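Okay, protein.pdb is below, PDB, C-alpha atoms and all ligand atoms:
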```pdb
ATOM      1  CA  MET A   1     -39.901-132.630 -82.116
ATOM      2  CA  GLU A   2     -40.223-136.237 -83.229
ATOM      3  CA  ALA A   3     -40.936-138.895 -80.586
ATOM      4  CA  LEU A   4     -37.379-140.235 -80.382
ATOM      5  CA  ALA A   5     -35.858-136.772 -79.936
ATOM      6  CA  LEU A   6     -38.455-135.974 -77.242
ATOM      7  CA  GLU A   7     -37.633-139.194 -75.400
ATOM      8  CA  ARG A   8     -33.897-138.420 -75.594
ATOM      9  CA  LYS A   9     -34.467-134.897 -74.242
ATOM     10  CA  ALA A  10     -36.631-136.247 -71.389
ATOM     11  CA  GLU A  11     -33.890-138.749 -70.466
ATOM     12  CA  GLN A  12     -31.218-135.989 -70.563
ATOM     13  CA  ASN A  13     -33.358-133.799 -68.313
ATOM     14  CA  ARG A  14     -33.852-136.676 -65.841
ATOM     15  CA  GLU A  15     -30.072-137.079 -65.607
ATOM     16  CA  LEU A  16     -29.564-133.327 -65.254
ATOM     17  CA  ARG A  17     -32.157-133.128 -62.469
ATOM     18  CA  GLU A  18     -30.453-135.948 -60.537
ATOM     19  CA  ARG A  19     -27.062-134.264 -60.876
ATOM     20  CA  LEU A  20     -28.598-130.973 -59.768
ATOM     21  CA  MET A  21     -30.055-132.508 -56.593
ATOM     22  CA  GLN A  22     -26.619-133.866 -55.698
ATOM     23  CA  LEU A  23     -24.848-130.567 -56.374
ATOM     24  CA  LYS A  24     -27.418-128.554 -54.448
ATOM     25  CA  LYS A  25     -26.766-130.630 -51.336
ATOM     26  CA  GLU A  26     -22.972-130.494 -51.726
ATOM     27  CA  ARG A  27     -22.952-126.715 -52.136
ATOM     28  CA  ASN A  28     -25.863-125.861 -49.819
ATOM     29  CA  ALA A  29     -27.411-124.030 -52.755
ATOM     30  CA  ILE A  30     -30.882-122.700 -53.496
ATOM     31  CA  ILE A  31     -32.311-122.306 -57.001
ATOM     32  CA  LEU A  32     -34.406-119.166 -57.471
ATOM     33  CA  ALA A  33     -36.340-118.826 -60.727
ATOM     34  CA  HIS A  34     -38.353-115.977 -62.180
ATOM     35  CA  TYR A  35     -41.767-116.881 -63.576
ATOM     36  CA  TYR A  36     -40.463-116.063 -67.078
ATOM     37  CA  GLN A  37     -37.876-118.871 -67.043
ATOM     38  CA  ARG A  38     -38.210-121.964 -69.193
ATOM     39  CA  ASP A  39     -40.466-124.680 -67.698
ATOM     40  CA  GLU A  40     -37.476-127.035 -67.269
ATOM     41  CA  ILE A  41     -35.944-124.486 -64.860
ATOM     42  CA  GLN A  42     -39.152-123.601 -63.029
ATOM     43  CA  GLU A  43     -39.675-127.352 -62.455
ATOM     44  CA  VAL A  44     -36.437-127.696 -60.480
ATOM     45  CA  ALA A  45     -36.533-124.342 -58.673
ATOM     46  CA  ASP A  46     -36.698-124.274 -54.886
ATOM     47  CA  PHE A  47     -38.578-121.029 -55.184
ATOM     48  CA  ARG A  48     -40.396-119.378 -58.092
ATOM     49  CA  GLY A  49     -41.395-115.757 -57.974
ATOM     50  CA  ASP A  50     -41.649-112.344 -59.552
ATOM     51  CA  SER A  51     -38.905-109.736 -59.098
ATOM     52  CA  PHE A  52     -40.192-108.688 -55.672
ATOM     53  CA  LEU A  53     -40.616-112.154 -54.160
ATOM     54  CA  LEU A  54     -37.227-113.245 -55.487
ATOM     55  CA  ALA A  55     -35.462-110.206 -54.004
ATOM     56  CA  GLN A  56     -37.168-110.916 -50.664
ATOM     57  CA  LYS A  57     -36.130-114.564 -50.812
ATOM     58  CA  ALA A  58     -32.514-113.736 -51.736
ATOM     59  CA  ALA A  59     -32.335-111.391 -48.742
ATOM     60  CA  SER A  60     -33.658-113.993 -46.303
ATOM     61  CA  THR A  61     -32.293-117.392 -47.426
ATOM     62  CA  ASP A  62     -29.754-119.235 -45.287
ATOM     63  CA  ALA A  63     -28.274-121.126 -48.263
ATOM     64  CA  ASP A  64     -24.580-120.442 -48.982
ATOM     65  CA  VAL A  65     -25.065-120.302 -52.735
ATOM     66  CA  ILE A  66     -27.892-118.700 -54.713
ATOM     67  CA  VAL A  67     -28.338-119.797 -58.316
ATOM     68  CA  PHE A  68     -30.399-116.955 -59.726
ATOM     69  CA  CYS A  69     -32.329-117.943 -62.845
ATOM     70  CA  GLY A  70     -33.577-114.739 -64.364
ATOM     71  CA  VAL A  71     -31.715-111.831 -65.940
ATOM     72  CA  HIS A  72     -28.552-110.068 -64.825
ATOM     73  CA  PHE A  73     -30.067-107.239 -62.749
ATOM     74  CA  MET A  74     -31.891-109.845 -60.650
ATOM     75  CA  GLY A  75     -28.680-111.718 -59.812
ATOM     76  CA  GLU A  76     -27.036-108.388 -59.068
ATOM     77  CA  SER A  77     -29.861-107.382 -56.699
ATOM     78  CA  ALA A  78     -29.519-110.746 -54.927
ATOM     79  CA  LYS A  79     -25.775-110.176 -54.472
ATOM     80  CA  ILE A  80     -26.362-106.642 -53.177
ATOM     81  CA  LEU A  81     -28.928-107.898 -50.657
ATOM     82  CA  ALA A  82     -26.860-110.951 -49.654
ATOM     83  CA  PRO A  83     -23.260-109.752 -50.070
ATOM     84  CA  HIS A  84     -21.676-112.664 -48.199
ATOM     85  CA  LYS A  85     -23.317-115.308 -50.347
ATOM     86  CA  THR A  86     -22.090-116.668 -53.642
ATOM     87  CA  VAL A  87     -24.559-115.680 -56.369
ATOM     88  CA  LEU A  88     -24.349-117.631 -59.605
ATOM     89  CA  VAL A  89     -26.312-117.134 -62.815
ATOM     90  CA  PRO A  90     -26.719-119.791 -65.496
ATOM     91  CA  ASP A  91     -25.562-117.443 -68.270
ATOM     92  CA  GLU A  92     -24.145-113.966 -67.742
ATOM     93  CA  ARG A  93     -25.300-112.883 -71.196
ATOM     94  CA  ALA A  94     -28.932-112.917 -69.988
ATOM     95  CA  GLY A  95     -29.444-109.166 -69.666
ATOM     96  CA  CYS A  96     -32.460-106.869 -69.685
ATOM     97  CA  PRO A  97     -32.581-104.304 -72.524
ATOM     98  CA  MET A  98     -34.829-102.062 -70.438
ATOM     99  CA  ALA A  99     -32.288-101.973 -67.609
ATOM    100  CA  ASP A 100     -29.671-100.889 -70.170
ATOM    101  CA  MET A 101     -31.805 -97.906 -71.254
ATOM    102  CA  VAL A 102     -30.767 -95.868 -68.221
ATOM    103  CA  ASN A 103     -27.253 -95.094 -67.019
ATOM    104  CA  PRO A 104     -25.923 -93.264 -63.944
ATOM    105  CA  ILE A 105     -24.590 -90.267 -65.934
ATOM    106  CA  GLY A 106     -27.960 -89.526 -67.538
ATOM    107  CA  LEU A 107     -29.720 -90.035 -64.236
ATOM    108  CA  ARG A 108     -27.341 -87.674 -62.423
ATOM    109  CA  GLU A 109     -28.023 -85.003 -65.088
ATOM    110  CA  LEU A 110     -31.767 -85.363 -64.570
ATOM    111  CA  LYS A 111     -31.350 -85.194 -60.791
ATOM    112  CA  ALA A 112     -29.423 -81.930 -61.193
ATOM    113  CA  LYS A 113     -32.379 -80.471 -63.139
ATOM    114  CA  HIS A 114     -34.873 -81.536 -60.444
ATOM    115  CA  PRO A 115     -33.056 -81.120 -57.123
ATOM    116  CA  ASN A 116     -36.224 -81.505 -55.036
ATOM    117  CA  ALA A 117     -37.313 -84.753 -56.627
ATOM    118  CA  LYS A 118     -36.760 -88.196 -55.116
ATOM    119  CA  VAL A 119     -35.588 -90.942 -57.461
ATOM    120  CA  VAL A 120     -37.724 -94.077 -57.675
ATOM    121  CA  THR A 121     -36.103 -96.727 -59.840
ATOM    122  CA  TYR A 122     -37.653 -99.898 -61.116
ATOM    123  CA  ILE A 123     -35.624-102.905 -59.964
ATOM    124  CA  ASN A 124     -34.989-103.563 -63.684
ATOM    125  CA  SER A 125     -31.825-101.437 -63.571
ATOM    126  CA  SER A 126     -28.086-101.827 -63.004
ATOM    127  CA  ALA A 127     -26.386-101.619 -59.604
ATOM    128  CA  ASP A 128     -24.789 -98.311 -60.716
ATOM    129  CA  VAL A 129     -28.223 -96.802 -61.347
ATOM    130  CA  LYS A 130     -29.583 -98.168 -58.068
ATOM    131  CA  ALA A 131     -26.654 -96.457 -56.333
ATOM    132  CA  GLU A 132     -28.063 -93.117 -57.645
ATOM    133  CA  THR A 133     -31.556 -93.990 -56.432
ATOM    134  CA  ASP A 134     -33.528 -93.112 -53.296
ATOM    135  CA  ILE A 135     -35.787 -96.137 -53.398
ATOM    136  CA  CYS A 136     -36.356 -99.070 -55.745
ATOM    137  CA  CYS A 137     -39.632-100.715 -56.609
ATOM    138  CA  THR A 138     -40.968-103.621 -58.626
ATOM    139  CA  SER A 139     -44.175-103.781 -60.608
ATOM    140  CA  ALA A 140     -45.807-105.402 -57.549
ATOM    141  CA  ASN A 141     -45.277-102.389 -55.279
ATOM    142  CA  ALA A 142     -44.606 -99.457 -57.662
ATOM    143  CA  VAL A 143     -47.691 -97.417 -56.699
ATOM    144  CA  LYS A 144     -47.148 -97.979 -52.970
ATOM    145  CA  VAL A 145     -43.474 -97.047 -53.217
ATOM    146  CA  VAL A 146     -44.103 -93.830 -55.164
ATOM    147  CA  ASN A 147     -46.830 -92.808 -52.711
ATOM    148  CA  SER A 148     -44.519 -93.550 -49.778
ATOM    149  CA  VAL A 149     -41.874 -91.090 -50.933
ATOM    150  CA  ASP A 150     -41.351 -87.916 -48.924
ATOM    151  CA  ALA A 151     -41.438 -85.448 -51.869
ATOM    152  CA  ASP A 152     -44.008 -83.994 -54.259
ATOM    153  CA  GLU A 153     -41.844 -84.707 -57.291
ATOM    154  CA  VAL A 154     -40.531 -88.097 -58.370
ATOM    155  CA  ILE A 155     -37.957 -88.974 -61.003
ATOM    156  CA  TRP A 156     -39.085 -92.330 -62.314
ATOM    157  CA  CYS A 157     -36.876 -94.672 -64.338
ATOM    158  CA  PRO A 158     -36.525 -96.558 -66.578
ATOM    159  CA  ASP A 159     -39.960 -97.918 -67.675
ATOM    160  CA  LYS A 160     -42.185 -95.241 -69.248
ATOM    161  CA  ASN A 161     -45.165 -97.625 -69.504
ATOM    162  CA  LEU A 162     -45.119 -98.627 -65.840
ATOM    163  CA  GLY A 163     -44.393 -94.963 -65.033
ATOM    164  CA  HIS A 164     -47.535 -93.910 -66.914
ATOM    165  CA  TYR A 165     -49.583 -96.507 -65.032
ATOM    166  CA  VAL A 166     -48.217 -95.318 -61.668
ATOM    167  CA  SER A 167     -48.856 -91.668 -62.569
ATOM    168  CA  GLN A 168     -52.578 -92.502 -62.763
ATOM    169  CA  HIS A 169     -52.509 -93.720 -59.150
ATOM    170  CA  THR A 170     -50.616 -90.911 -57.445
ATOM    171  CA  ASP A 171     -50.796 -87.161 -56.929
ATOM    172  CA  LYS A 172     -47.017 -86.833 -57.189
ATOM    173  CA  LYS A 173     -45.548 -85.070 -60.197
ATOM    174  CA  MET A 174     -43.688 -87.734 -62.134
ATOM    175  CA  ILE A 175     -40.694 -87.071 -64.366
ATOM    176  CA  ILE A 176     -40.623 -90.200 -66.474
ATOM    177  CA  TRP A 177     -37.603 -91.747 -68.212
ATOM    178  CA  GLU A 178     -38.185 -93.005 -71.766
ATOM    179  CA  GLY A 179     -37.263 -96.697 -71.328
ATOM    180  CA  TYR A 180     -39.475 -99.692 -72.044
ATOM    181  CA  CYS A 181     -39.511-103.476 -72.122
ATOM    182  CA  ASN A 182     -39.006-104.709 -75.687
ATOM    183  CA  THR A 183     -41.208-107.721 -74.988
ATOM    184  CA  HIS A 184     -44.237-106.188 -73.239
ATOM    185  CA  ASP A 185     -44.142-103.064 -75.406
ATOM    186  CA  MET A 186     -44.669-105.250 -78.462
ATOM    187  CA  LEU A 187     -48.320-105.984 -77.574
ATOM    188  CA  THR A 188     -50.743-103.834 -79.579
ATOM    189  CA  ILE A 189     -54.434-102.901 -79.477
ATOM    190  CA  LYS A 190     -54.895-104.935 -82.665
ATOM    191  CA  ASP A 191     -53.421-108.086 -81.033
ATOM    192  CA  VAL A 192     -55.848-107.772 -78.140
ATOM    193  CA  GLU A 193     -58.841-107.036 -80.392
ATOM    194  CA  GLU A 194     -58.079-110.136 -82.468
ATOM    195  CA  MET A 195     -57.773-112.305 -79.375
ATOM    196  CA  ARG A 196     -61.013-110.927 -77.947
ATOM    197  CA  ALA A 197     -62.811-111.735 -81.198
ATOM    198  CA  LYS A 198     -61.432-115.276 -81.017
ATOM    199  CA  TYR A 199     -62.128-115.808 -77.289
ATOM    200  CA  PRO A 200     -65.122-113.572 -76.489
ATOM    201  CA  ASN A 201     -65.661-115.048 -73.004
ATOM    202  CA  ALA A 202     -62.084-114.590 -71.859
ATOM    203  CA  GLN A 203     -60.915-111.928 -69.401
ATOM    204  CA  PHE A 204     -57.945-109.864 -70.562
ATOM    205  CA  VAL A 205     -55.230-109.576 -67.892
ATOM    206  CA  VAL A 206     -52.187-107.400 -68.491
ATOM    207  CA  HIS A 207     -48.812-106.409 -67.035
ATOM    208  CA  PRO A 208     -48.299-102.624 -66.640
ATOM    209  CA  GLU A 209     -45.057-102.836 -68.669
ATOM    210  CA  CYS A 210     -47.384-102.940 -71.699
ATOM    211  CA  ARG A 211     -48.326 -99.753 -73.568
ATOM    212  CA  PRO A 212     -50.900 -97.482 -71.873
ATOM    213  CA  GLU A 213     -53.475 -97.951 -74.643
ATOM    214  CA  VAL A 214     -53.234-101.727 -74.217
ATOM    215  CA  VAL A 215     -53.370-101.521 -70.424
ATOM    216  CA  GLU A 216     -56.563 -99.453 -70.768
ATOM    217  CA  MET A 217     -58.275-102.385 -72.487
ATOM    218  CA  ALA A 218     -57.690-104.792 -69.606
ATOM    219  CA  ASP A 219     -60.135-106.412 -67.198
ATOM    220  CA  PHE A 220     -57.257-106.653 -64.742
ATOM    221  CA  VAL A 221     -53.858-104.903 -64.537
ATOM    222  CA  GLY A 222     -51.135-106.294 -62.298
ATOM    223  CA  SER A 223     -47.591-107.484 -61.787
ATOM    224  CA  THR A 224     -46.783-111.081 -62.604
ATOM    225  CA  THR A 225     -47.791-112.157 -59.091
ATOM    226  CA  GLY A 226     -50.892-109.965 -59.311
ATOM    227  CA  ILE A 227     -51.932-111.669 -62.551
ATOM    228  CA  LEU A 228     -51.316-115.132 -61.077
ATOM    229  CA  LYS A 229     -53.400-114.331 -57.994
ATOM    230  CA  TYR A 230     -56.223-112.793 -60.024
ATOM    231  CA  CYS A 231     -56.468-115.774 -62.387
ATOM    232  CA  ARG A 232     -56.257-118.293 -59.523
ATOM    233  CA  GLU A 233     -58.980-116.615 -57.478
ATOM    234  CA  SER A 234     -61.258-115.485 -60.303
ATOM    235  CA  SER A 235     -64.572-117.218 -60.973
ATOM    236  CA  HIS A 236     -63.802-116.868 -64.713
ATOM    237  CA  ASP A 237     -62.242-119.839 -66.414
ATOM    238  CA  GLU A 238     -60.678-118.360 -69.553
ATOM    239  CA  PHE A 239     -58.045-115.618 -69.874
ATOM    240  CA  ILE A 240     -56.128-113.705 -72.519
ATOM    241  CA  VAL A 241     -52.760-113.110 -70.907
ATOM    242  CA  GLY A 242     -50.783-109.933 -71.619
ATOM    243  CA  THR A 243     -47.442-110.820 -70.112
ATOM    244  CA  GLU A 244     -44.420-113.009 -70.774
ATOM    245  CA  ASP A 245     -45.216-116.549 -71.853
ATOM    246  CA  GLY A 246     -43.197-118.294 -69.112
ATOM    247  CA  THR A 247     -45.977-117.270 -66.699
ATOM    248  CA  GLY A 248     -48.020-120.050 -68.316
ATOM    249  CA  TYR A 249     -46.145-122.622 -66.202
ATOM    250  CA  GLN A 250     -47.463-121.252 -62.886
ATOM    251  CA  LEU A 251     -50.885-120.289 -64.307
ATOM    252  CA  ARG A 252     -51.507-123.883 -65.448
ATOM    253  CA  LEU A 253     -50.111-125.321 -62.224
ATOM    254  CA  ASP A 254     -52.444-123.132 -60.155
ATOM    255  CA  SER A 255     -55.538-123.689 -62.294
ATOM    256  CA  PRO A 256     -55.237-126.818 -64.449
ATOM    257  CA  ASP A 257     -58.895-126.586 -65.531
ATOM    258  CA  LYS A 258     -58.765-122.973 -66.727
ATOM    259  CA  LYS A 259     -57.773-121.864 -70.228
ATOM    260  CA  PHE A 260     -54.942-119.373 -70.844
ATOM    261  CA  HIS A 261     -54.276-117.788 -74.246
ATOM    262  CA  PHE A 262     -51.200-115.579 -74.569
ATOM    263  CA  ALA A 263     -52.176-112.325 -76.253
ATOM    264  CA  SER A 264     -49.338-112.432 -78.797
ATOM    265  CA  LYS A 265     -46.728-114.903 -79.959
ATOM    266  CA  PHE A 266     -44.161-112.137 -79.381
ATOM    267  CA  LEU A 267     -44.657-112.178 -75.603
ATOM    268  CA  VAL A 268     -41.442-114.144 -75.137
ATOM    269  CA  CYS A 269     -38.432-112.475 -73.535
ATOM    270  CA  PRO A 270     -35.401-113.851 -75.399
ATOM    271  CA  ASN A 271     -33.124-112.776 -72.549
ATOM    272  CA  MET A 272     -34.997-114.838 -69.973
ATOM    273  CA  LYS A 273     -34.853-117.827 -72.311
ATOM    274  CA  VAL A 274     -31.045-117.750 -72.635
ATOM    275  CA  ASN A 275     -30.942-119.882 -69.465
ATOM    276  CA  ASN A 276     -31.617-123.610 -69.562
ATOM    277  CA  LEU A 277     -31.375-126.583 -67.225
ATOM    278  CA  LYS A 278     -27.985-127.680 -68.543
ATOM    279  CA  LYS A 279     -26.513-124.247 -67.749
ATOM    280  CA  VAL A 280     -28.001-124.314 -64.231
ATOM    281  CA  VAL A 281     -26.222-127.625 -63.548
ATOM    282  CA  LYS A 282     -22.973-126.354 -65.087
ATOM    283  CA  ALA A 283     -23.066-123.208 -62.954
ATOM    284  CA  LEU A 284     -23.192-125.300 -59.780
ATOM    285  CA  GLU A 285     -20.538-127.679 -61.073
ATOM    286  CA  THR A 286     -18.049-124.924 -61.954
ATOM    287  CA  MET A 287     -19.304-122.265 -59.490
ATOM    288  CA  LYS A 288     -19.392-119.834 -62.452
ATOM    289  CA  PRO A 289     -20.504-117.355 -63.735
ATOM    290  CA  GLU A 290     -20.480-115.580 -60.402
ATOM    291  CA  ILE A 291     -21.960-112.113 -59.853
ATOM    292  CA  TYR A 292     -19.678-109.437 -58.407
ATOM    293  CA  VAL A 293     -20.688-105.881 -57.496
ATOM    294  CA  PRO A 294     -18.007-103.387 -56.367
ATOM    295  CA  GLN A 295     -18.464-102.768 -52.649
ATOM    296  CA  ASP A 296     -18.922 -98.973 -52.821
ATOM    297  CA  VAL A 297     -21.646 -99.361 -55.471
ATOM    298  CA  ALA A 298     -23.282-102.243 -53.604
ATOM    299  CA  ASP A 299     -23.359-100.317 -50.330
ATOM    300  CA  LYS A 300     -25.213 -97.383 -51.938
ATOM    301  CA  ALA A 301     -27.500 -99.577 -54.042
ATOM    302  CA  ARG A 302     -28.407-101.717 -51.011
ATOM    303  CA  LEU A 303     -30.040 -98.740 -49.300
ATOM    304  CA  SER A 304     -32.453 -98.273 -52.197
ATOM    305  CA  LEU A 305     -33.385-101.971 -52.174
ATOM    306  CA  GLU A 306     -33.700-102.229 -48.413
ATOM    307  CA  ARG A 307     -35.938 -99.149 -48.328
ATOM    308  CA  MET A 308     -38.189-100.884 -50.857
ATOM    309  CA  LEU A 309     -38.385-104.056 -48.753
ATOM    310  CA  LEU A 310     -39.581-101.972 -45.791
ATOM    311  CA  VAL A 311     -42.550-100.393 -47.627
ATOM    312  CA  LYS A 312     -45.769-101.990 -46.387
TER     313      LYS A 312
HETATM  314  P1  LIG B 401     -42.248-108.514 -62.351
HETATM  315  O1  LIG B 401     -41.395-109.670 -62.000
HETATM  316  O2  LIG B 401     -42.185-107.444 -61.312
HETATM  317  O3  LIG B 401     -43.643-108.869 -62.686
HETATM  318  O4  LIG B 401     -41.586-107.806 -63.635
HETATM  319  C1  LIG B 401     -41.666-108.355 -64.864
HETATM  320  C2  LIG B 401     -40.414-108.312 -65.622
HETATM  321  O5  LIG B 401     -40.403-107.875 -66.736
HETATM  322  C3  LIG B 401     -39.211-108.826 -65.023
HETATM  323  O6  LIG B 401     -38.155-108.604 -65.865
HETATM  324 FE1  LIG B 402     -36.342-107.005 -69.336
HETATM  325 FE2  LIG B 402     -38.756-107.141 -70.425
HETATM  326 FE3  LIG B 402     -37.251-109.286 -70.428
HETATM  327 FE4  LIG B 402     -38.297-108.380 -68.137
HETATM  328  S1  LIG B 402     -39.410-109.199 -69.882
HETATM  329  S2  LIG B 402     -36.206-109.064 -68.490
HETATM  330  S3  LIG B 402     -38.247-106.173 -68.524
HETATM  331  S4  LIG B 402     -36.815-107.339 -71.495
END
```
Full structure transcribed into structure tokens:
Amino acid sequence: MEALALERKAEQNRELRERLMQLKKERNAIILAHYYQRDEIQEVADFRGDSFLLAQKAASTDADVIVFCGVHFMGESAKILAPHKTVLVPDERAGCPMADMVNPIGLRELKAKHPNAKVVTYINSSADVKAETDICCTSANAVKVVNSVDADEVIWCPDKNLGHYVSQHTDKKMIIWEGYCNTHDMLTIKDVEEMRAKYPNAQFVVHPECRPEVVEMADFVGSTTGILKYCRESSHDEFIVGTEDGTGYQLRLDSPDKKFHFASKFLVCPNMKVNNLKKVVKALETMKPEIYVPQDVADKARLSLERMLLVK
């Protein structure tokens, strides 16, 4: 962007931030933002987090209104966990293709084939699917949740890559759904090899939503929060990052003197980037789009989320 356009954008953002502060007070609202959101949203968030931390925060906040900046299933989970609060999202078109890869009919069919299995569902799923689930998990607690289940067999959905990773850390028999994240699944061995040749001193850190053969190459495997913690605490000062590029905001904030190279230019989730600061302000101005979940679905889905929050 040329200098004048940049200056204009900065001025617009200053005005939007001021308006947002005012609206937040008027509505008693909290802004929750996933680490994959645009920087301009992470900057104004009251709380930034990965899927697990955000679900925990939504369940415990005393704000009346939650503006959930992430993708649809995250806003839905917040509404399920805090049914009496108003949950707004900046743009209801921000969905998650992986969450759409599993539906309750298919899941019920699989359950009928494996009647002794417990269903563990990644939080990246719809409320309808959660309602068919014994316990949810996120990438931060997936192994712990699967190992906590009172059954030898687990139906795992929808992420096959995370499912493969978990299967290496459990004795349970896992029946794995064939879903995947379009963004993380894009990273290839060749991308990582090229980056390693370019930055030979860098550690490669990766999210388990990436393909198994890519995960195998890593110096560290972890959820978004796991990656942030590892990079912050590591004595290394250069990293090749195998997760969504929005994570760069928190990585650089935590360790301004360390170098972070994203492993591929394709590690950008277009769904997460549908939201912007202007839409966050508009949502609070108009109190729309609001998330609704039918009560019978929410009541069943809540059990699976609350069970997850209890796993230590
Ligand atoms: P986490 O927030 O659990 O790291 O999951 C990453 C993701 O893809 C969220 O959509
Ligand atoms: Fe879904 Fe992947 Fe985007 Fe997360 S990064 S919202 S899993 S498509």
Could you make a table, as JSON lines, of the residues of region 200-299 of chain A that have an atom within 8 Å of an atom of region 71-95 of chain A, each with its nearest atom pair and distance in Å to one decimal, counting all atoms listed in the file, in chain and number order?
```
{"residue": "A:Asn271", "atom": "CA", "partner": "A:Ala94", "partner_atom": "CA", "distance": 4.9}
{"residue": "A:Met272", "atom": "CA", "partner": "A:Val71", "partner_atom": "CA", "distance": 6.0}
{"residue": "A:Val274", "atom": "CA", "partner": "A:Ala94", "partner_atom": "CA", "distance": 5.9}
{"residue": "A:Asn275", "atom": "CA", "partner": "A:Pro90", "partner_atom": "CA", "distance": 5.8}
{"residue": "A:Asn276", "atom": "CA", "partner": "A:Pro90", "partner_atom": "CA", "distance": 7.4}
{"residue": "A:Lys279", "atom": "CA", "partner": "A:Pro90", "partner_atom": "CA", "distance": 5.0}
{"residue": "A:Val280", "atom": "CA", "partner": "A:Pro90", "partner_atom": "CA", "distance": 4.9}
{"residue": "A:Lys282", "atom": "CA", "partner": "A:Pro90", "partner_atom": "CA", "distance": 7.6}
{"residue": "A:Ala283", "atom": "CA", "partner": "A:Pro90", "partner_atom": "CA", "distance": 5.6}
{"residue": "A:Leu284", "atom": "CA", "partner": "A:Leu88", "partner_atom": "CA", "distance": 7.8}
{"residue": "A:Met287", "atom": "CA", "partner": "A:Leu88", "partner_atom": "CA", "distance": 6.9}
{"residue": "A:Lys288", "atom": "CA", "partner": "A:Leu88", "partner_atom": "CA", "distance": 6.1}
{"residue": "A:Pro289", "atom": "CA", "partner": "A:Leu88", "partner_atom": "CA", "distance": 5.6}
{"residue": "A:Glu290", "atom": "CA", "partner": "A:Leu88", "partner_atom": "CA", "distance": 4.5}
{"residue": "A:Ile291", "atom": "CA", "partner": "A:Val87", "partner_atom": "CA", "distance": 5.6}
{"residue": "A:Tyr292", "atom": "CA", "partner": "A:Lys79", "partner_atom": "CA", "distance": 7.3}
{"residue": "A:Val293", "atom": "CA", "partner": "A:Glu76", "partner_atom": "CA", "distance": 7.0}
{"residue": "A:Ala298", "atom": "CA", "partner": "A:Ile80", "partner_atom": "CA", "distance": 5.4}
{"residue": "A:Asp299", "atom": "CA", "partner": "A:Ile80", "partner_atom": "CA", "distance": 7.6}
```
Selection as a PDB file with C-alpha atoms, keeping the file's coordinate frame: residues within 8 Å of ligand LIG 401 (chain B) by only C-alpha atoms and all ligand atoms:
```
ATOM      1  CA  HIS A  34     -38.353-115.977 -62.180  1.00  0.00           C
ATOM      2  CA  TYR A  35     -41.767-116.881 -63.576  1.00  0.00           C
ATOM      3  CA  TYR A  36     -40.463-116.063 -67.078  1.00  0.00           C
ATOM      4  CA  GLY A  49     -41.395-115.757 -57.974  1.00  0.00           C
ATOM      5  CA  ASP A  50     -41.649-112.344 -59.552  1.00  0.00           C
ATOM      6  CA  SER A  51     -38.905-109.736 -59.098  1.00  0.00           C
ATOM      7  CA  PHE A  52     -40.192-108.688 -55.672  1.00  0.00           C
ATOM      8  CA  GLY A  70     -33.577-114.739 -64.364  1.00  0.00           C
ATOM      9  CA  VAL A  71     -31.715-111.831 -65.940  1.00  0.00           C
ATOM     10  CA  CYS A  96     -32.460-106.869 -69.685  1.00  0.00           C
ATOM     11  CA  ASN A 124     -34.989-103.563 -63.684  1.00  0.00           C
ATOM     12  CA  THR A 138     -40.968-103.621 -58.626  1.00  0.00           C
ATOM     13  CA  SER A 139     -44.175-103.781 -60.608  1.00  0.00           C
ATOM     14  CA  ALA A 140     -45.807-105.402 -57.549  1.00  0.00           C
ATOM     15  CA  CYS A 181     -39.511-103.476 -72.122  1.00  0.00           C
ATOM     16  CA  HIS A 184     -44.237-106.188 -73.239  1.00  0.00           C
ATOM     17  CA  HIS A 207     -48.812-106.409 -67.035  1.00  0.00           C
ATOM     18  CA  GLU A 209     -45.057-102.836 -68.669  1.00  0.00           C
ATOM     19  CA  GLY A 222     -51.135-106.294 -62.298  1.00  0.00           C
ATOM     20  CA  SER A 223     -47.591-107.484 -61.787  1.00  0.00           C
ATOM     21  CA  THR A 224     -46.783-111.081 -62.604  1.00  0.00           C
ATOM     22  CA  THR A 225     -47.791-112.157 -59.091  1.00  0.00           C
ATOM     23  CA  GLU A 244     -44.420-113.009 -70.774  1.00  0.00           C
TER      24      GLU A 244
END
```
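Nearest to ligand LIG 402 (chain B) of all the residues A:Asn161, A:Thr286, A:Ser148, A:Ser235 is A:Asn161, counting only C-alpha atoms and all ligand atoms.
Shortest separation to ligand LIG 402 (chain B) among A:Val215, A:Leu187, A:Leu309, A:Ala99 occurs at residue A:Ala99, atoms counted being all atoms listed in the file.
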For ligand LIG 402 (chain B), what centre and edge lengths in Å (one decimal) does the axis-aligned box get once 5 Å is added on each side of all its listed atoms, as lines of an AutoDock Vina configuration file?
```
center_x = -37.8
center_y = -107.7
center_z = -69.8
size_x = 13.2
size_y = 13.1
size_z = 13.4
```
Hey, can you pull every residue with an atom no more than 10 Å from (-50.9, -104.2, -73.5), using all atoms listed in the file, and send it as a ChimeraX atom specification? /A:161,184-189,191-192,204-218,221,241-243,263-264
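Residues matched by the PyMOL selection byres (((chain A and resi 144) around 12) and not hetatm) in this structure: Val120, Ile135, Cys136, Cys137, Thr138, Ser139, Ala140, Asn141, Ala142, Val143, Val145, Val146, Asn147, Ser148, Val149, Val166, Ser167, His169, Thr170, Lys172, Met308, Leu309, Leu310, Val311 and Lys312 of chain A.
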Need to verify the contact set: region 153-158 of chain A, 6 Å, all atoms listed in the file, exclusion of same-chain residues closer than 5 positions in sequence. Can you return it as JSON, numbers by chain? {"A": [117, 118, 119, 120, 121, 172, 173, 174, 175, 176, 177, 179]}
